[in-house]
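See below for final32.cif, which holds mmCIF, C-alpha atoms and all ligand atoms.
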data_upload
#
loop_
_atom_site.label_atom_id
_atom_site.label_comp_id
_atom_site.auth_asym_id
_atom_site.auth_seq_id
_atom_site.Cartn_x
_atom_site.Cartn_y
_atom_site.Cartn_z
CA MET A 262 24.06 -0.97 3.57
CA MET A 263 23.96 2.73 3.98
CA THR A 264 27.11 4.40 5.28
CA ARG A 265 27.09 6.16 8.62
CA ARG A 266 27.25 9.50 6.83
CA GLU A 267 24.30 8.61 4.59
CA TRP A 268 22.42 7.51 7.65
CA MET A 269 23.01 10.88 9.29
CA MET A 270 22.37 12.89 6.14
CA GLY A 271 19.54 10.91 4.58
CA PRO A 272 16.42 12.26 6.19
CA ALA A 273 17.76 15.79 6.38
CA ALA A 274 18.80 15.76 2.74
CA ALA A 275 15.33 14.54 1.87
CA GLY A 276 13.87 17.55 3.58
CA ALA A 277 11.91 15.23 5.78
CA VAL A 278 12.84 16.80 9.10
CA ARG A 279 9.85 18.37 10.78
CA LEU A 280 9.57 19.45 14.35
CA ALA A 281 7.07 17.70 16.55
CA ALA A 282 4.11 19.83 17.51
CA ALA A 283 3.57 20.24 21.21
CA GLN A 284 -0.21 19.88 21.09
CA PRO A 285 -2.53 17.55 19.22
CA ARG A 286 -4.00 19.11 16.10
CA ASN A 287 -6.01 18.01 13.10
CA ILE A 288 -3.58 16.17 10.89
CA VAL A 289 -3.88 13.38 8.35
CA ILE A 290 -1.07 11.49 6.62
CA ALA A 291 -1.23 8.83 3.93
CA SER A 292 0.72 6.95 1.31
CA VAL A 293 1.65 8.83 -1.87
CA ASN A 294 -1.69 8.06 -3.54
CA GLY A 295 -3.52 9.68 -0.61
CA GLU A 296 -3.65 13.42 -1.29
CA ARG A 297 -7.38 13.33 -2.06
CA ALA A 298 -8.00 10.95 0.84
CA CYS A 299 -6.19 13.30 3.22
CA ALA A 300 -8.20 16.28 1.98
CA LYS A 301 -11.48 14.42 2.45
CA ALA A 302 -10.47 13.20 5.89
CA MET A 303 -9.39 16.71 6.92
CA GLU A 304 -12.74 18.10 5.82
CA ILE A 305 -14.44 15.64 8.17
CA LEU A 306 -12.06 16.40 11.04
CA GLN A 307 -12.60 20.12 10.63
CA ALA A 308 -16.35 19.57 10.77
CA GLY A 309 -15.83 17.82 14.13
CA GLY A 310 -16.19 14.30 12.73
CA ASP A 311 -14.72 11.14 14.18
CA THR A 312 -11.18 10.20 13.12
CA LEU A 313 -12.25 6.77 11.82
CA ASP A 314 -15.15 8.28 9.83
CA ALA A 315 -12.57 10.63 8.36
CA VAL A 316 -10.00 8.09 7.18
CA VAL A 317 -12.54 5.53 5.94
CA ALA A 318 -14.29 8.23 3.88
CA GLY A 319 -10.89 9.40 2.61
CA VAL A 320 -9.71 6.04 1.32
CA ALA A 321 -13.12 5.35 -0.27
CA ILE A 322 -11.97 7.79 -2.98
CA ASN A 323 -9.14 5.41 -3.90
CA GLU A 324 -11.36 2.34 -3.52
CA ASP A 325 -13.76 3.89 -6.06
CA ASP A 326 -11.07 5.06 -8.47
CA PRO A 327 -10.47 2.67 -11.40
CA GLU A 328 -7.19 4.46 -12.11
CA ASP A 329 -5.78 3.46 -8.73
CA THR A 330 -4.95 -0.10 -9.70
CA THR A 331 -3.75 -1.00 -6.20
CA VAL A 332 -6.95 -0.46 -4.24
CA GLY A 333 -10.63 -1.45 -4.50
CA TYR A 334 -12.44 -1.20 -7.85
CA GLY A 335 -9.88 -1.48 -10.66
CA GLY A 336 -7.29 -3.19 -8.44
CA LEU A 337 -4.98 -5.66 -10.19
CA PRO A 338 -6.30 -9.20 -9.72
CA ASN A 339 -4.91 -12.49 -8.47
CA GLU A 340 -3.40 -15.07 -10.82
CA GLU A 341 -6.88 -16.21 -11.86
CA GLY A 342 -7.98 -12.71 -12.83
CA ILE A 343 -10.12 -12.17 -9.73
CA VAL A 344 -9.73 -9.03 -7.61
CA GLU A 345 -9.24 -9.93 -3.94
CA LEU A 346 -9.17 -7.12 -1.41
CA ASP A 347 -7.71 -6.77 2.10
CA ALA A 348 -8.36 -3.99 4.63
CA SER A 349 -8.08 -3.11 8.29
CA VAL A 350 -9.24 -0.31 10.55
CA MET A 351 -8.39 0.73 14.10
CA HIS A 352 -10.26 3.25 16.20
CA GLY A 353 -8.07 4.83 18.87
CA PRO A 354 -10.69 6.16 21.31
CA THR A 355 -12.51 2.82 21.65
CA ARG A 356 -9.31 0.77 21.11
CA ARG A 357 -11.12 -1.49 18.67
CA ALA A 358 -10.03 -3.13 15.44
CA GLY A 359 -11.60 -4.81 12.41
CA ALA A 360 -10.31 -6.43 9.25
CA VAL A 361 -11.25 -8.37 6.14
CA ALA A 362 -9.01 -10.40 3.87
CA GLY A 363 -9.44 -12.05 0.50
CA LEU A 364 -12.74 -10.25 -0.01
CA ARG A 365 -14.09 -10.51 -3.57
CA GLY A 366 -16.70 -8.42 -5.30
CA ILE A 367 -17.06 -5.58 -2.77
CA ARG A 368 -15.32 -2.34 -3.65
CA HIS A 369 -15.13 -0.85 -0.14
CA PRO A 370 -13.35 -3.42 2.04
CA ALA A 371 -12.41 -0.74 4.59
CA GLN A 372 -16.09 -0.15 5.28
CA VAL A 373 -16.65 -3.87 5.71
CA ALA A 374 -13.64 -4.04 8.06
CA ARG A 375 -15.25 -1.28 10.08
CA LEU A 376 -18.51 -3.21 10.30
CA VAL A 377 -16.61 -6.28 11.47
CA MET A 378 -15.23 -4.08 14.24
CA GLU A 379 -18.55 -2.51 15.15
CA ARG A 380 -21.11 -5.24 14.54
CA THR A 381 -19.42 -8.51 15.39
CA ASP A 382 -17.60 -10.11 18.25
CA HIS A 383 -14.69 -10.85 15.89
CA VAL A 384 -11.75 -8.89 14.55
CA MET A 385 -11.21 -10.44 11.11
CA LEU A 386 -13.36 -12.14 8.48
CA VAL A 387 -11.92 -13.68 5.31
CA GLY A 388 -13.02 -14.84 1.88
CA GLU A 389 -16.51 -16.24 1.45
CA GLY A 390 -17.50 -15.44 5.03
CA ALA A 391 -16.45 -11.83 4.65
CA LEU A 392 -18.45 -11.57 1.41
CA ARG A 393 -21.59 -13.05 2.99
CA PHE A 394 -21.20 -10.70 5.95
CA ALA A 395 -20.86 -7.68 3.64
CA LYS A 396 -23.94 -8.73 1.67
CA ALA A 397 -25.89 -9.20 4.89
CA TYR A 398 -25.23 -5.52 5.54
CA GLY A 399 -26.40 -4.51 2.07
CA PHE A 400 -23.11 -4.15 0.21
CA GLN A 401 -23.60 -4.77 -3.50
CA GLU A 402 -21.53 -7.51 -5.10
CA GLU A 403 -20.01 -6.40 -8.41
CA ASN A 404 -17.25 -7.25 -10.85
CA LEU A 405 -14.23 -5.23 -9.66
CA LEU A 406 -12.03 -6.16 -12.65
CA THR A 407 -11.82 -3.20 -15.01
CA GLU A 408 -10.87 -3.61 -18.67
CA LYS A 409 -7.52 -1.97 -17.89
CA ALA A 410 -6.76 -4.44 -15.09
CA ARG A 411 -7.97 -7.36 -17.24
CA LEU A 412 -5.59 -6.28 -20.00
CA ALA A 413 -2.67 -6.17 -17.57
CA TRP A 414 -3.61 -9.62 -16.27
CA LEU A 415 -3.73 -11.06 -19.80
CA VAL A 416 -0.37 -9.48 -20.60
CA TRP A 417 1.03 -11.01 -17.42
CA LYS A 418 -0.24 -14.47 -18.44
CA GLN A 419 1.29 -14.02 -21.87
CA SER A 420 4.61 -12.89 -20.42
CA LEU A 421 5.21 -16.20 -18.65
CA ARG A 422 7.45 -18.68 -20.43
CA ASP A 423 8.58 -22.25 -19.91
CA ALA A 424 12.21 -23.30 -20.40
CA SER A 425 11.73 -23.53 -24.16
CA GLY A 426 10.15 -20.10 -24.31
CA ARG A 427 6.57 -21.29 -24.77
CA ASN A 428 3.36 -20.09 -23.28
CA ASN A 429 -0.10 -21.55 -23.94
CA TRP A 430 -1.69 -18.09 -23.85
CA THR A 431 0.38 -16.79 -26.75
CA ASP A 432 0.09 -17.64 -30.43
CA GLY A 433 0.59 -21.29 -31.37
CA LEU A 434 3.78 -22.82 -32.68
CA ASP A 435 2.35 -22.51 -36.18
CA ALA A 436 2.07 -18.71 -35.87
CA PRO A 437 4.76 -16.35 -37.29
CA PRO A 438 7.67 -15.72 -34.90
CA GLU A 439 7.30 -12.76 -32.57
CA LYS A 440 9.24 -10.82 -29.99
CA SER A 441 7.80 -9.64 -26.68
CA PRO A 442 6.89 -7.01 -25.73
CA GLN A 443 6.61 -5.70 -29.32
CA ALA A 444 4.22 -8.54 -30.13
CA LEU A 445 1.71 -7.05 -27.73
CA ARG A 446 0.90 -4.40 -30.32
CA GLN A 447 -0.39 -7.09 -32.68
CA ARG A 448 -2.33 -8.89 -30.00
CA PHE A 449 -4.04 -5.82 -28.60
CA PRO A 450 -4.43 -3.51 -31.59
CA HIS A 451 -7.20 -1.49 -29.93
CA VAL A 452 -5.06 -0.55 -26.90
CA ASP A 453 -3.01 2.67 -26.88
CA GLU A 454 0.80 2.63 -26.50
CA ALA A 455 0.88 4.12 -23.02
CA THR A 456 -1.56 1.56 -21.62
CA LEU A 457 0.33 -1.29 -23.28
CA ALA A 458 3.63 -0.05 -21.87
CA TRP A 459 2.05 0.16 -18.42
CA ALA A 460 0.57 -3.33 -18.78
CA TRP A 461 3.97 -4.75 -19.76
CA GLN A 462 5.61 -2.99 -16.83
CA VAL A 463 3.15 -4.32 -14.24
CA ALA A 464 3.08 -7.76 -15.87
CA THR A 465 6.82 -8.18 -15.65
CA ASN A 466 7.30 -6.37 -12.31
CA PRO A 467 4.25 -7.36 -10.27
CA PRO A 468 3.46 -4.20 -8.38
CA THR A 469 2.35 -3.74 -4.84
CA GLY A 470 0.37 -0.67 -3.81
CA THR A 471 -2.13 0.23 -1.18
CA ILE A 472 -3.45 3.20 0.68
CA ASN A 473 -2.69 3.69 4.35
CA CYS A 474 -4.25 6.74 6.02
CA LEU A 475 -3.77 7.89 9.63
CA ALA A 476 -5.57 10.74 11.39
CA LEU A 477 -5.25 12.74 14.59
CA ASN A 478 -7.75 15.37 15.70
CA ALA A 479 -7.39 18.37 17.96
CA LYS A 480 -8.80 16.33 20.87
CA GLY A 481 -5.87 13.95 20.51
CA GLU A 482 -8.00 11.09 19.13
CA MET A 483 -6.48 8.85 16.47
CA SER A 484 -7.57 6.27 13.93
CA GLY A 485 -6.13 4.49 10.93
CA VAL A 486 -7.05 2.43 7.89
CA THR A 487 -5.19 0.38 5.31
CA THR A 488 -6.94 -0.93 2.19
CA THR A 489 -5.49 -2.74 -0.83
CA SER A 490 -5.88 -5.16 -3.69
CA GLY A 491 -2.54 -6.57 -2.53
CA LEU A 492 0.18 -8.04 -4.66
CA ALA A 493 -0.72 -8.31 -8.34
CA TRP A 494 -1.00 -11.89 -9.70
CA LYS A 495 -0.93 -13.39 -6.20
CA ILE A 496 -1.99 -16.94 -5.48
CA PRO A 497 -5.72 -16.87 -4.71
CA GLY A 498 -6.07 -16.64 -0.96
CA ARG A 499 -2.75 -14.86 -0.42
CA VAL A 500 -3.14 -12.31 2.36
CA GLY A 501 -0.65 -9.48 2.72
CA ASP A 502 0.12 -7.23 5.65
CA SER A 503 -2.64 -4.69 5.10
CA PRO A 504 -5.40 -6.49 7.02
CA ILE A 505 -3.05 -7.79 9.70
CA ILE A 506 -3.47 -5.71 12.84
CA GLY A 507 0.06 -4.91 14.01
CA ALA A 508 1.61 -5.25 10.53
CA GLY A 509 -0.22 -3.13 7.94
CA LEU A 510 -1.81 -0.97 10.63
CA PHE A 511 -1.57 -0.30 14.34
CA VAL A 512 -3.05 2.44 16.50
CA ASP A 513 -2.46 2.92 20.20
CA GLN A 514 -4.43 5.87 21.49
CA ASP A 515 -1.76 6.50 24.15
CA VAL A 516 1.11 6.74 21.66
CA GLY A 517 0.31 7.04 17.98
CA ALA A 518 -0.45 5.21 14.77
CA ALA A 519 1.52 3.52 12.03
CA GLY A 520 0.89 1.81 8.72
CA ALA A 521 2.63 0.42 5.68
CA THR A 522 2.60 -0.05 1.94
CA GLY A 523 4.88 -2.28 -0.10
CA ARG A 524 5.86 -5.91 0.12
CA GLY A 525 3.58 -7.24 2.81
CA GLU A 526 5.44 -10.48 3.42
CA GLU A 527 8.43 -8.58 4.80
CA ASN A 528 6.25 -6.38 6.95
CA ILE A 529 4.43 -9.32 8.52
CA ARG A 530 7.79 -10.79 9.55
CA VAL A 531 8.64 -7.71 11.62
CA ALA A 532 5.08 -6.84 12.78
CA GLY A 533 5.91 -3.44 11.30
CA ALA A 534 3.17 -1.08 12.46
CA HIS A 535 3.26 -2.42 16.01
CA THR A 536 7.04 -2.25 16.07
CA ILE A 537 6.89 1.40 15.02
CA VAL A 538 4.29 2.33 17.63
CA GLU A 539 6.41 0.64 20.30
CA ALA A 540 9.50 2.52 19.09
CA MET A 541 7.55 5.79 19.39
CA ARG A 542 6.44 4.75 22.87
CA ALA A 543 10.12 4.35 23.73
CA GLY A 544 10.72 7.95 22.62
CA MET A 545 11.62 7.80 18.94
CA HIS A 546 10.44 10.38 16.47
CA PRO A 547 7.96 8.80 14.00
CA ARG A 548 10.48 8.98 11.18
CA GLU A 549 13.21 7.33 13.26
CA ALA A 550 10.73 4.67 14.36
CA CYS A 551 9.99 3.89 10.70
CA LEU A 552 13.73 3.63 9.98
CA GLU A 553 14.21 1.38 13.00
CA CYS A 554 11.61 -0.99 11.61
CA LEU A 555 13.23 -0.93 8.16
CA LYS A 556 16.51 -1.93 9.81
CA ARG A 557 14.79 -5.02 11.17
CA ILE A 558 13.64 -5.91 7.66
CA ALA A 559 17.17 -5.42 6.34
CA ARG A 560 18.46 -7.60 9.20
CA ASN A 561 16.13 -10.40 8.09
CA PHE A 562 18.19 -10.48 4.89
CA ASN A 563 21.53 -10.15 6.72
CA ASN A 564 21.64 -6.62 5.27
CA ASP A 565 22.31 -8.14 1.85
CA ARG A 566 21.61 -5.29 -0.58
CA SER A 567 21.26 -7.58 -3.57
CA ARG A 568 18.41 -9.47 -1.94
CA LEU A 569 16.82 -6.34 -0.48
CA ALA A 570 16.88 -4.82 -3.97
CA ALA A 571 14.06 -7.15 -4.98
CA PHE A 572 11.41 -5.16 -3.13
CA ASP A 573 10.47 -1.92 -1.44
CA ILE A 574 8.35 -1.04 1.54
CA THR A 575 7.32 2.28 3.08
CA PHE A 576 6.17 2.99 6.61
CA TYR A 577 4.09 5.95 7.84
CA ALA A 578 3.78 7.08 11.44
CA LEU A 579 1.82 9.75 13.27
CA ARG A 580 2.40 10.46 16.93
CA LYS A 581 -0.22 11.60 19.39
CA ASP A 582 1.41 15.03 19.66
CA GLY A 583 1.13 15.62 15.91
CA ALA A 584 4.71 14.71 14.96
CA TYR A 585 4.76 12.51 11.87
CA GLY A 586 7.16 10.86 9.47
CA SER A 587 7.64 8.25 6.81
CA ALA A 588 10.54 6.16 5.59
CA SER A 589 11.05 3.75 2.73
CA LEU A 590 13.56 0.97 2.38
CA TRP A 591 14.98 2.48 -0.82
CA ARG A 592 15.61 5.86 -2.28
CA SER A 593 16.00 5.54 -6.02
CA ARG A 594 17.39 7.81 -8.74
CA ASP A 595 15.81 9.11 -11.91
CA LYS A 596 17.23 8.55 -15.39
CA GLU A 597 19.56 11.53 -14.98
CA GLY A 598 20.91 10.08 -11.75
CA ARG A 599 19.18 12.58 -9.50
CA PRO A 600 17.96 11.19 -6.15
CA ARG A 601 14.25 10.46 -6.23
CA PRO A 602 12.91 9.82 -2.73
CA GLN A 603 9.58 8.11 -2.16
CA ARG A 604 6.89 10.51 -1.07
CA PHE A 605 3.92 10.53 1.26
CA ALA A 606 0.84 12.71 1.64
CA VAL A 607 0.22 15.13 4.48
CA ASN A 608 -2.68 17.45 5.29
CA ASP A 609 -2.51 19.66 8.38
CA GLY A 610 -5.47 21.82 7.42
CA THR A 611 -3.65 23.88 4.82
CA GLY A 612 -4.28 21.57 1.87
CA SER A 613 -2.72 18.25 0.95
CA ARG A 614 0.92 18.12 -0.06
CA LEU A 615 3.53 15.46 -0.72
CA GLU A 616 6.65 15.29 1.41
CA ASP A 617 9.81 13.25 0.92
CA CYS A 618 10.16 10.01 2.84
CA ALA A 619 13.39 9.28 4.66
CA TRP A 620 15.16 6.11 3.47
CA LEU A 621 17.39 3.35 4.70
CA LEU A 622 19.22 2.41 1.50
CA GLU A 623 20.04 4.15 -1.74
CA ARG A 624 20.03 2.56 -5.17
N1 LIG B 701 1.24 -4.25 1.37
C1 LIG B 701 0.37 -4.76 0.36
C2 LIG B 701 0.43 -6.23 0.33
O1 LIG B 701 1.50 -6.78 0.46
C3 LIG B 701 0.64 -4.26 -0.98
C4 LIG B 701 1.22 -2.89 -1.06
O2 LIG B 701 1.16 -2.14 -0.15
O3 LIG B 701 1.78 -2.52 -2.08
O4 LIG B 701 -0.57 -6.83 0.09
#
Produce structure tokens that represent the structure in this file.
Ligand code: ASP
Amino acid sequence: MMTRREWMMGPAAAGAVRLAAAQPRNIVIASVNGERACAKAMEILQAGGDTLDAVVAGVAINEDDPEDTTVGYGGLPNEEGIVELDASVMHGPTRRAGAVAGLRGIRHPAQVARLVMERTDHVMLVGEGALRFAKAYGFQEENLLTEKARLAWLVWKQSLRDASGRNNWTDGLDAPPEKSPQALRQRFPHVDEATLAWAWQVATNPPTGTINCLALNAKGEMSGVTTTSGLAWKIPGRVGDSPIIGAGLFVDQDVGAAGATGRGEENIRVAGAHTIVEAMRAGMHPREACLECLKRIARNFNNDRSRLAAFDITFYALRKDGAYGSASLWRSRDKEGRPRPQRFAVNDGTGSRLEDCAWLLER
């Protein structure tokens, strides 16, 4: 666990301290992959648009981007090589919510989640039902698995070994001996080194990744969205925290909004976003509220650093008065040993920038 001194120094050392604004203002925050999303959302806010229109349009950039392998089109697939998406939205002014989970073949799950909110008497649709609903509203079904994501999936399948070191997806016993990951070069001769190294990395350390985006406008209205392809190589049907209202996203128009990225299972067990909004309601700064929630996660592991080291999770919070903050479970170090905090995206109308997250523990 972090020492008392680290606890006191952490956020300040990370440069994460920002004073709360007295009045609502246009402001958008997002996970680290959200600089473009924040800029798009801000453009809509500045034009007088609705906060939910703003964040849903913002994250559509990531959903469309094949290079963001954690969201929408190009997301890393489940263990069967099928991309399954989760998303949720909350609209502060109307206090409504919508979500989809395990949605296949539709690249904009956040937009489908919004339609669930607006056009049904339900809050969440999953799997086949969510797909049929999306198609009923004219969404096009398509193959969301890019060649890059398919490569990573194949590498993952080939990286698995039984006790005697065998794997049916690798060369047969009659083939010349090989060593992973070097053997990848022979198996995928057409793929460049950087892509192969990335594929090996994600195959052997199944990544999480998501975009959460929260907005406040000058009228004090708030909305939020979280959209993701979830945990890479998951069991088909696995649902993370992102579409769970109160875990991956929560907005209370009276208080503020919160969201999360990272290992969803741990977030669900502390109802993270709701916990953070309640902590802000009780008077905490958004950053402190995020840290409070991380402490609950650590408590679920009896504060055992060795077990907590197996994952990371980051929370984001935006208060109704414009104060905002973010905190991750871990702050890591680069190869030279320099502290390397997680980062999050902010746009207050002066362009998108990344700021350091506070942290609970240090590697
Ligand atoms: N929270 C997402 C999930 O567990 C993944 C992520 O944010 O990295 O599905």
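The shortest atom-to-atom distance to ligand LIG 701 (chain B), with only C-alpha atoms and all ligand atoms taken into account, belongs to A:Asn339 out of A:Asn339, A:Gln419, A:Gln447, A:Asn564.
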Using all atoms listed in the file, find each residue in chain A having at least one atom no more than 7 Å away from ligand LIG 701 (chain B); report its shortest atom-to-atom pair and that distance in Å (one decimal), rows by chain then rising number, as a tab-separated table.
residue	atom	partner	partner_atom	distance
A:Pro468	CA	B:LIG701	O3	6.7
A:Thr469	CA	B:LIG701	O3	3.1
A:Gly470	CA	B:LIG701	O3	2.9
A:Thr471	CA	B:LIG701	O2	4.2
A:Thr489	CA	B:LIG701	C1	6.3
A:Ser490	CA	B:LIG701	O4	6.7
A:Gly491	CA	B:LIG701	O4	3.3
A:Leu492	CA	B:LIG701	O4	5.0
A:Val500	CA	B:LIG701	O4	6.5
A:Gly501	CA	B:LIG701	O4	3.7
A:Asp502	CA	B:LIG701	N1	5.3
A:Ser503	CA	B:LIG701	N1	5.4
A:Gly509	CA	B:LIG701	N1	6.8
A:Ala521	CA	B:LIG701	N1	6.5
A:Thr522	CA	B:LIG701	O2	3.3
A:Gly523	CA	B:LIG701	O3	3.7
A:Arg524	CA	B:LIG701	O1	4.5
A:Gly525	CA	B:LIG701	O1	3.2
A:Glu526	CA	B:LIG701	O1	6.2
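Taking atom CA of A:Ala360 and atom CA of A:Ile505 as the two end points, the separation is 7.4 Å.
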For a quick check of your reading of the model, name the residues lying within 7 Å of the coordinate (-5.2, -15.1, -14.0), counting only C-alpha atoms, and write them as a PDB file with C-alpha atoms, in the frame of the given file.
ATOM      1  CA  ASN A 339      -4.910 -12.490  -8.470  1.00  0.00           C
ATOM      2  CA  GLU A 340      -3.400 -15.070 -10.820  1.00  0.00           C
ATOM      3  CA  GLU A 341      -6.880 -16.210 -11.860  1.00  0.00           C
ATOM      4  CA  GLY A 342      -7.980 -12.710 -12.830  1.00  0.00           C
ATOM      5  CA  TRP A 414      -3.610  -9.620 -16.270  1.00  0.00           C
ATOM      6  CA  LYS A 418      -0.240 -14.470 -18.440  1.00  0.00           C
ATOM      7  CA  TRP A 494      -1.000 -11.890  -9.700  1.00  0.00           C
TER       8      TRP A 494
END
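Contact shell of A:Gln401 at 10 Å (all atoms listed in the file; same-chain neighbours under 5 positions omitted): Gly366, Ile367, Arg368, His369, Leu392, Ala395 and Lys396 of chain A.
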As an MDAnalysis selection string, please: the residues near stretch 425-436 of chain A (cut-off 10 Å, all atoms listed in the file, same-chain neighbours under 6 positions excluded).
chainID A and resid 415:419 444:445 448
Coordinates-based distance that separates atom CA of A:Thr330 from atom CA of A:Ala315 (Å, one decimal)
22.3 Å
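Atom pair atom CA of A:Pro602 / atom CA of A:Ala300: separated by 22.6 Å.
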Tell me, as a tab-separated table (two decimals) with C-alpha atoms, in the coordinates of the input, which residues lie within 6 Å of stretch 546-553 of chain A, counting all atoms listed in the file; anything in the same chain fewer than 2 positions away does not count.
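Written output follows (result-v7.tsv):
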chain	number	residue	atom	x	y	z
A	537	ILE	CA	6.89	1.40	15.02
A	540	ALA	CA	9.50	2.52	19.09
A	555	LEU	CA	13.23	-0.93	8.16
A	556	LYS	CA	16.51	-1.93	9.81
A	576	PHE	CA	6.17	2.99	6.61
A	578	ALA	CA	3.78	7.08	11.44
A	585	TYR	CA	4.76	12.51	11.87
A	586	GLY	CA	7.16	10.86	9.47
A	587	SER	CA	7.64	8.25	6.81
A	588	ALA	CA	10.54	6.16	5.59
For A:Gly336, list every protein, DNA or RNA residue within 10 Å, evaluated using all atoms listed in the file, and leave out those in the same chain fewer than 4 positions away; present the list as number ranges by chain.
A: 323-332, 343-346, 368, 405-407, 409-411, 470-471, 489-493
Please produce an output containing C-alpha atoms for each residue in the selection, written as a compact mmCIF listing (two decimals), in the frame of the given file.
# COMPACT_ATOMS: atom_id res chain seq x y z
CA ASN A 323 -9.14 5.41 -3.90
CA GLU A 324 -11.36 2.34 -3.52
CA ASP A 325 -13.76 3.89 -6.06
CA ASP A 326 -11.07 5.06 -8.47
CA PRO A 327 -10.47 2.67 -11.40
CA GLU A 328 -7.19 4.46 -12.11
CA ASP A 329 -5.78 3.46 -8.73
CA THR A 330 -4.95 -0.10 -9.70
CA THR A 331 -3.75 -1.00 -6.20
CA VAL A 332 -6.95 -0.46 -4.24
CA ILE A 343 -10.12 -12.17 -9.73
CA VAL A 344 -9.73 -9.03 -7.61
CA GLU A 345 -9.24 -9.93 -3.94
CA LEU A 346 -9.17 -7.12 -1.41
CA ARG A 368 -15.32 -2.34 -3.65
CA LEU A 405 -14.23 -5.23 -9.66
CA LEU A 406 -12.03 -6.16 -12.65
CA THR A 407 -11.82 -3.20 -15.01
CA LYS A 409 -7.52 -1.97 -17.89
CA ALA A 410 -6.76 -4.44 -15.09
CA ARG A 411 -7.97 -7.36 -17.24
CA GLY A 470 0.37 -0.67 -3.81
CA THR A 471 -2.13 0.23 -1.18
CA THR A 489 -5.49 -2.74 -0.83
CA SER A 490 -5.88 -5.16 -3.69
CA GLY A 491 -2.54 -6.57 -2.53
CA LEU A 492 0.18 -8.04 -4.66
CA ALA A 493 -0.72 -8.31 -8.34
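Within 7 Å of A:Asp609, once all atoms listed in the file are used and residues closer than 4 positions along the same chain are dropped, the contacting residues are Asn287, Ile288 and Val289 of chain A.
Of the listed residues (A:Ile472, A:Ala413, A:Met385, A:Cys618), A:Ile472 comes nearest to A:Glu296; the distances count all atoms listed in the file.
Distances here use all atoms listed in the file; by that measure, the residue among A:Thr575, A:Ser567, A:Thr456, A:Asn466 closest to A:Gly520 is A:Thr575.
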My list of candidates is A:Ser593, A:Gln307, A:Asn563, A:Ser292. Which is closest to A:Lys480 when distances are computed with all atoms listed in the file?
A:Gln307
(4.1, 11.5, 21.8) in this file's frame - what residues fall within 6 Å of it? Use all atoms listed in the file and give the answer as a ChimeraX atom specification.
/A:516,580-582
